[in-house]
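Q: Dropping in structure_31.txt, which is compact mmCIF, C-alpha atoms and all ligand atoms:
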```txt
# COMPACT_ATOMS: atom_id res chain seq x y z
CA MET A 1 65.71 60.52 145.37
CA ALA A 2 67.43 57.47 143.99
CA LYS A 3 70.93 56.10 144.01
CA LEU A 4 72.07 55.29 140.49
CA LYS A 5 74.38 52.53 139.24
CA ILE A 6 77.88 53.70 138.31
CA LEU A 7 79.40 52.20 135.14
CA GLU A 8 82.87 50.70 135.55
CA TYR A 9 85.89 50.59 133.23
CA PRO A 10 86.22 49.06 130.67
CA ASP A 11 82.47 49.47 130.00
CA PRO A 12 82.26 50.87 126.44
CA ARG A 13 79.37 53.18 127.43
CA LEU A 14 81.93 55.27 129.35
CA ARG A 15 83.32 56.19 125.89
CA THR A 16 80.12 57.98 124.82
CA ARG A 17 80.38 61.71 124.05
CA ALA A 18 77.59 63.45 125.97
CA LYS A 19 75.21 65.85 124.20
CA LYS A 20 74.48 69.42 125.22
CA VAL A 21 71.51 69.96 127.51
CA GLU A 22 68.82 71.86 125.59
CA LYS A 23 66.40 72.51 128.42
CA VAL A 24 66.91 72.72 132.19
CA ASP A 25 63.63 71.40 133.62
CA ASP A 26 62.34 69.51 136.67
CA LYS A 27 63.28 66.15 135.15
CA LEU A 28 66.88 67.30 134.77
CA ARG A 29 66.89 68.69 138.34
CA GLN A 30 65.69 65.28 139.57
CA LEU A 31 68.62 63.67 137.75
CA VAL A 32 71.00 66.20 139.38
CA ASP A 33 69.59 65.31 142.84
CA ASP A 34 70.03 61.59 142.10
CA MET A 35 73.61 62.24 140.93
CA PHE A 36 74.39 64.02 144.24
CA GLU A 37 72.88 61.15 146.23
CA THR A 38 74.95 58.66 144.20
CA MET A 39 78.15 60.71 144.57
CA TYR A 40 77.77 61.27 148.33
CA ALA A 41 76.93 57.59 148.93
CA ALA A 42 79.93 56.30 146.95
CA PRO A 43 81.60 58.44 148.44
CA GLY A 44 83.16 60.64 145.78
CA ILE A 45 83.94 64.31 145.21
CA GLY A 46 82.51 64.45 141.69
CA LEU A 47 80.27 62.61 139.25
CA ALA A 48 79.58 63.04 135.55
CA ALA A 49 76.23 62.01 134.02
CA THR A 50 78.17 59.68 131.68
CA GLN A 51 79.06 57.51 134.71
CA VAL A 52 75.38 56.84 135.40
CA ASN A 53 74.73 56.12 131.70
CA VAL A 54 73.04 59.46 130.96
CA HIS A 55 74.80 61.03 128.00
CA GLN A 56 74.08 64.70 128.62
CA ARG A 57 76.62 67.36 129.60
CA ILE A 58 75.98 67.50 133.35
CA LEU A 59 78.41 67.17 136.25
CA VAL A 60 78.18 67.51 140.01
CA ALA A 61 80.97 68.00 142.54
CA ASP A 62 81.53 68.71 146.22
CA VAL A 63 85.06 68.82 147.61
CA SER A 64 83.97 69.78 151.17
CA ASP A 65 84.12 67.36 154.12
CA ASP A 66 80.51 68.01 155.13
CA GLN A 67 78.51 68.13 151.87
CA SER A 68 78.36 71.92 152.19
CA GLN A 69 79.71 72.99 148.77
CA PRO A 70 77.62 71.30 146.07
CA VAL A 71 78.48 72.43 142.54
CA VAL A 72 76.31 71.68 139.48
CA LEU A 73 77.64 72.47 136.02
CA ILE A 74 75.49 72.02 132.93
CA ASN A 75 77.11 72.39 129.48
CA PRO A 76 80.42 73.39 131.13
CA GLU A 77 83.16 75.05 129.08
CA ILE A 78 86.62 75.99 130.28
CA ILE A 79 87.19 79.65 129.46
CA ALA A 80 90.54 80.09 131.22
CA ALA A 81 93.08 77.73 132.73
CA ASP A 82 96.57 77.99 134.20
CA ASP A 83 98.98 76.64 136.80
CA GLU A 84 99.58 73.10 135.55
CA GLY A 85 100.64 70.55 138.13
CA VAL A 86 100.53 66.86 138.97
CA SER A 87 98.08 65.40 141.47
CA GLU A 88 96.82 61.97 142.49
CA GLU A 89 93.50 60.96 140.94
CA GLY A 90 90.99 58.24 141.48
CA CYS A 91 87.69 57.50 139.74
CA LEU A 92 84.47 55.84 140.87
CA SER A 93 84.42 54.10 137.47
CA VAL A 94 87.93 52.70 138.04
CA PRO A 95 87.68 51.70 141.72
CA GLY A 96 90.84 51.08 143.72
CA ILE A 97 93.22 52.74 141.23
CA TYR A 98 95.08 55.96 142.07
CA GLU A 99 97.60 57.54 139.69
CA SER A 100 99.27 60.90 139.05
CA VAL A 101 97.78 63.09 136.32
CA ARG A 102 98.87 66.50 135.04
CA ARG A 103 96.06 69.06 135.27
CA PHE A 104 95.44 72.79 135.56
CA GLN A 105 95.19 73.83 139.22
CA HIS A 106 93.13 76.89 138.31
CA VAL A 107 90.20 77.04 135.88
CA ARG A 108 87.34 79.37 135.04
CA VAL A 109 84.28 77.58 133.73
CA SER A 110 81.24 78.94 131.99
CA SER A 111 78.07 76.83 132.39
CA LEU A 112 74.38 76.76 133.20
CA ASP A 113 73.30 76.37 136.82
CA ARG A 114 70.39 74.21 138.05
CA ASP A 115 67.92 76.97 137.15
CA GLY A 116 69.26 77.19 133.61
CA ASN A 117 70.99 80.52 134.20
CA GLN A 118 74.38 81.19 132.63
CA THR A 119 77.12 81.34 135.31
CA GLU A 120 80.86 81.43 135.70
CA VAL A 121 82.69 79.41 138.31
CA GLU A 122 86.31 79.89 139.33
CA ALA A 123 87.97 76.82 140.83
CA PHE A 124 91.37 76.08 142.34
CA GLY A 125 93.18 72.94 143.47
CA LEU A 126 91.11 69.80 144.01
CA LEU A 127 87.87 71.34 142.68
CA ALA A 128 89.67 72.53 139.52
CA VAL A 129 91.15 69.05 139.02
CA CYS A 130 87.78 67.40 139.69
CA ILE A 131 85.96 69.62 137.15
CA GLN A 132 88.51 68.70 134.45
CA HIS A 133 88.19 65.01 135.37
CA GLU A 134 84.37 65.21 135.08
CA MET A 135 84.51 67.18 131.82
CA ASP A 136 86.74 64.44 130.41
CA HIS A 137 84.00 61.89 131.32
CA LEU A 138 81.51 63.95 129.29
CA ASP A 139 83.83 63.52 126.29
CA GLY A 140 84.18 59.77 126.89
CA LYS A 141 87.64 60.15 128.35
CA LEU A 142 89.00 58.52 131.53
CA PHE A 143 92.01 59.43 133.68
CA VAL A 144 93.62 56.09 132.78
CA ASP A 145 93.89 57.40 129.19
CA TYR A 146 96.72 59.68 130.42
CA LEU A 147 98.74 56.68 131.65
CA SER A 148 101.07 54.46 129.62
CA GLU A 149 99.54 51.66 127.53
CA LEU A 150 101.21 49.13 129.85
CA LYS A 151 99.72 50.64 133.01
CA ARG A 152 96.29 50.94 131.40
CA GLN A 153 96.39 47.31 130.26
CA ARG A 154 97.28 46.18 133.79
CA ILE A 155 94.38 48.19 135.20
CA ARG A 156 91.97 46.76 132.58
CA LYS A 157 93.04 43.20 133.42
CA LYS A 158 92.60 43.88 137.14
CA MET A 159 89.10 45.33 136.60
CA GLU A 160 88.04 42.43 134.36
CA LYS A 161 89.31 39.91 136.93
CA GLY A 162 87.56 41.77 139.75
CA ARG A 163 84.26 41.62 137.87
CA ARG A 164 84.65 37.87 137.13
CA ASP A 165 85.41 37.13 140.79
CA THR A 166 82.35 39.02 142.01
CA ALA A 167 80.16 37.29 139.44
CA THR A 168 81.33 33.79 140.40
CA SER A 169 81.14 34.36 144.17
CA ARG A 170 77.58 35.66 143.73
CA SER A 171 76.42 32.70 141.68
CA GLY A 172 78.50 30.23 143.72
CA VAL A 173 80.09 28.74 140.60
CA SER A 174 83.59 28.62 142.05
CA GLY A 175 85.80 29.98 144.77
CA THR A 176 85.38 29.33 148.48
CA PRO A 177 82.46 26.94 149.04
CA SER A 178 79.68 28.54 151.01
CA ILE A 179 77.91 26.69 153.84
CA ILE A 180 74.70 28.67 153.37
O1 LIG B 201 85.85 60.82 144.00
C1 LIG B 201 86.70 61.19 143.18
N1 LIG B 201 87.89 61.65 143.61
C2 LIG B 201 88.82 62.28 142.81
C3 LIG B 201 90.08 62.49 143.32
C4 LIG B 201 91.04 63.13 142.57
C5 LIG B 201 90.72 63.57 141.30
C6 LIG B 201 89.47 63.36 140.78
C7 LIG B 201 88.52 62.72 141.52
S1 LIG B 201 86.93 62.49 140.86
C8 LIG B 201 86.42 61.08 141.73
C9 LIG B 201 84.96 60.78 141.44
C10 LIG B 201 84.79 60.43 139.99
O2 LIG B 201 85.15 59.40 139.51
N2 LIG B 201 84.29 61.33 139.23
O3 LIG B 201 84.20 61.12 137.91
NI NI B 202 85.69 59.66 137.40
```
Can you present the structure in this file as structure tokens?
A:
Amino acid sequence: MAKLKILEYPDPRLRTRAKKVEKVDDKLRQLVDDMFETMYAAPGIGLAATQVNVHQRILVADVSDDQSQPVVLINPEIIAADDEGVSEEGCLSVPGIYESVRRFQHVRVSSLDRDGNQTEVEAFGLLAVCIQHEMDHLDGKLFVDYLSELKRQRIRKKMEKGRRDTATSRSGVSGTPSII
């Protein structure tokens, strides 16, 4: 098992459109395990392969409190959706930002499971929202794309500043002098 590095907005690699998985094998199952470890450690309720710089159509999710409902969807496709509503969203690739997004509260998804078998999953509420959020990642789309240009620009500036500050405090170039 290994924890993977999560790409952060505005990293252009988050804009990559993931390719369909052709073969579900042990290597892919290892990636799925690493994605769960990464998601649980974050902690988050979902993770798309795109976020760990693997551009294949794979997502994991678990909306339970106790890691008891892991969901793996490979090559997911929404086959039915209804009950649109607004809910608060966050994203591990846009840390610290929470905004309202309009999503279906009920979806049916066709996909492959971790054994490569075709399955259908029905999801409501938070899991339904999470699956749509992850499927957007697989198409290179982020929840901030649903916000106004002004809001998105503010978020981008904040993220870029955050990254600069971490970089300088690590290298000790500026900021509070360290005694160590
Ligand atoms: O951890 C996450 N929480 C969340 C909350 C509301 C709607 C979507 C999400 S997904 C997010 C993890 C993540 O960034 N997945 O891509
Ligand atoms: Ni996300």
Q: How would you report the residues lying within 9 Å of ligand NI 202 (chain B), as a ChimeraX atom specification, if you count all atoms listed in the file?
A: /A:44,46-48,51,89-94,130,133-134,136-137,142-143
Q: Quick check, in Å to one decimal: how far apart do atom CA of Gly162 of chain A and atom CA of Asp145 of chain A lie?
A: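 Those two atoms sit 19.9 Å apart.
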Q: Restricting the calculation to only C-alpha atoms, which member of A:Gln153, A:Thr119, A:Thr16, A:Gln105 is positioned closest to Asn75 of chain A?
A: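 Comparing A:Gln153, A:Thr119, A:Thr16, A:Gln105 against Asn75 of chain A, the winner is A:Thr119.
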Q: Give the answer as one residue: which of A:Gln67, A:Gln56, A:Ser87, A:Thr38 has the shortest atom-to-atom distance to ligand LIG 201 (chain B), using only C-alpha atoms and all ligand atoms?
A: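 Nearest to ligand LIG 201 (chain B): A:Ser87.
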Q: Considering only C-alpha atoms and all ligand atoms, state which residue in the set A:Pro76, A:Gly116, A:Pro12, A:Pro95 is at the smallest distance from ligand LIG 201 (chain B).
A: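 Once distances to ligand LIG 201 (chain B) are computed over only C-alpha atoms and all ligand atoms, the minimum belongs to A:Pro95.
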Q: For ligand LIG 201 (chain B), take all atoms listed in the file, fit an axis-aligned box around them, add 3 Å to each of the six sides, then output centre and edge lengths in Å rounded to one decimal, as lines of an AutoDock Vina configuration file.
A:
```
center_x = 87.6
center_y = 61.5
center_z = 141.0
size_x = 12.8
size_y = 10.2
size_z = 12.1
```
Q: In Å to one decimal, how far is atom CA of Glu99 of chain A from atom CA of Tyr146 of chain A?
A: 9.6 Å
Q: If we count only C-alpha atoms, what is near Leu138 of chain A at a cut-off of 6 Å, once residues fewer than 4 positions away on the same chain are taken out, given as an MDAnalysis selection string?
A: chainID A and resid 17:18 50 57
Q: Tell me which protein, DNA and RNA residues are within 12 Å of Phe124 of chain A, counting all atoms listed in the file, leaving out same-chain ones fewer than 4 positions away, and put them as a PyMOL selection string.
A: chain A and resi 63+80-85+103-109+128-132
Q: Measuring between only C-alpha atoms and all ligand atoms, which one of A:Val21, A:Leu31, A:Ile79, A:Met135 shows the shortest distance to ligand LIG 201 (chain B)?
A: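 Going through A:Val21, A:Leu31, A:Ile79, A:Met135 one by one, the smallest distance to ligand LIG 201 (chain B) is for A:Met135.
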Q: Which residue gives the smallest distance to ligand LIG 201 (chain B) among A:Leu73, A:Val60, A:Val24, A:Ile45, with all atoms listed in the file counted?
A: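 Using all atoms listed in the file, the shortest distance to ligand LIG 201 (chain B) belongs to A:Ile45.
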Q: Which residue gives the smallest distance to ligand LIG 201 (chain B) among A:Pro43, A:Asp33, A:Lys27, A:Arg15, with all atoms listed in the file counted?
A: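 Looking at the shortest contact to ligand LIG 201 (chain B), the residue is A:Pro43.
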Q: Work out how far atom CA of Leu147 of chain A is from atom CA of Asn53 of chain A, in Å to one decimal.
A: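 Separating atom CA of Asn53 of chain A from atom CA of Leu147 of chain A is a distance of 24.0 Å.
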Q: Counting only C-alpha atoms, which residues sit no farther than 10 Å from the position (70.6, 54.6, 138.5) in the file's frame? I'd like them as a ChimeraX atom specification.
A: /A:2-7,31,34-35,38,51-54
Q: For Arg154 of chain A, find every residue with an atom within 12 Å (counting all atoms listed in the file), except residues of its own chain fewer than 6 positions away, and show them as a JSON list (two decimals) with C-alpha atoms, keeping the file's coordinate frame.
A:
```json
[["chain", "number", "residue", "atom", "x", "y", "z"],
["A", 10, "PRO", "CA", 86.22, 49.06, 130.67],
["A", 97, "ILE", "CA", 93.22, 52.74, 141.23],
["A", 144, "VAL", "CA", 93.62, 56.09, 132.78],
["A", 147, "LEU", "CA", 98.74, 56.68, 131.65],
["A", 148, "SER", "CA", 101.07, 54.46, 129.62],
["A", 160, "GLU", "CA", 88.04, 42.43, 134.36],
["A", 161, "LYS", "CA", 89.31, 39.91, 136.93]]
```
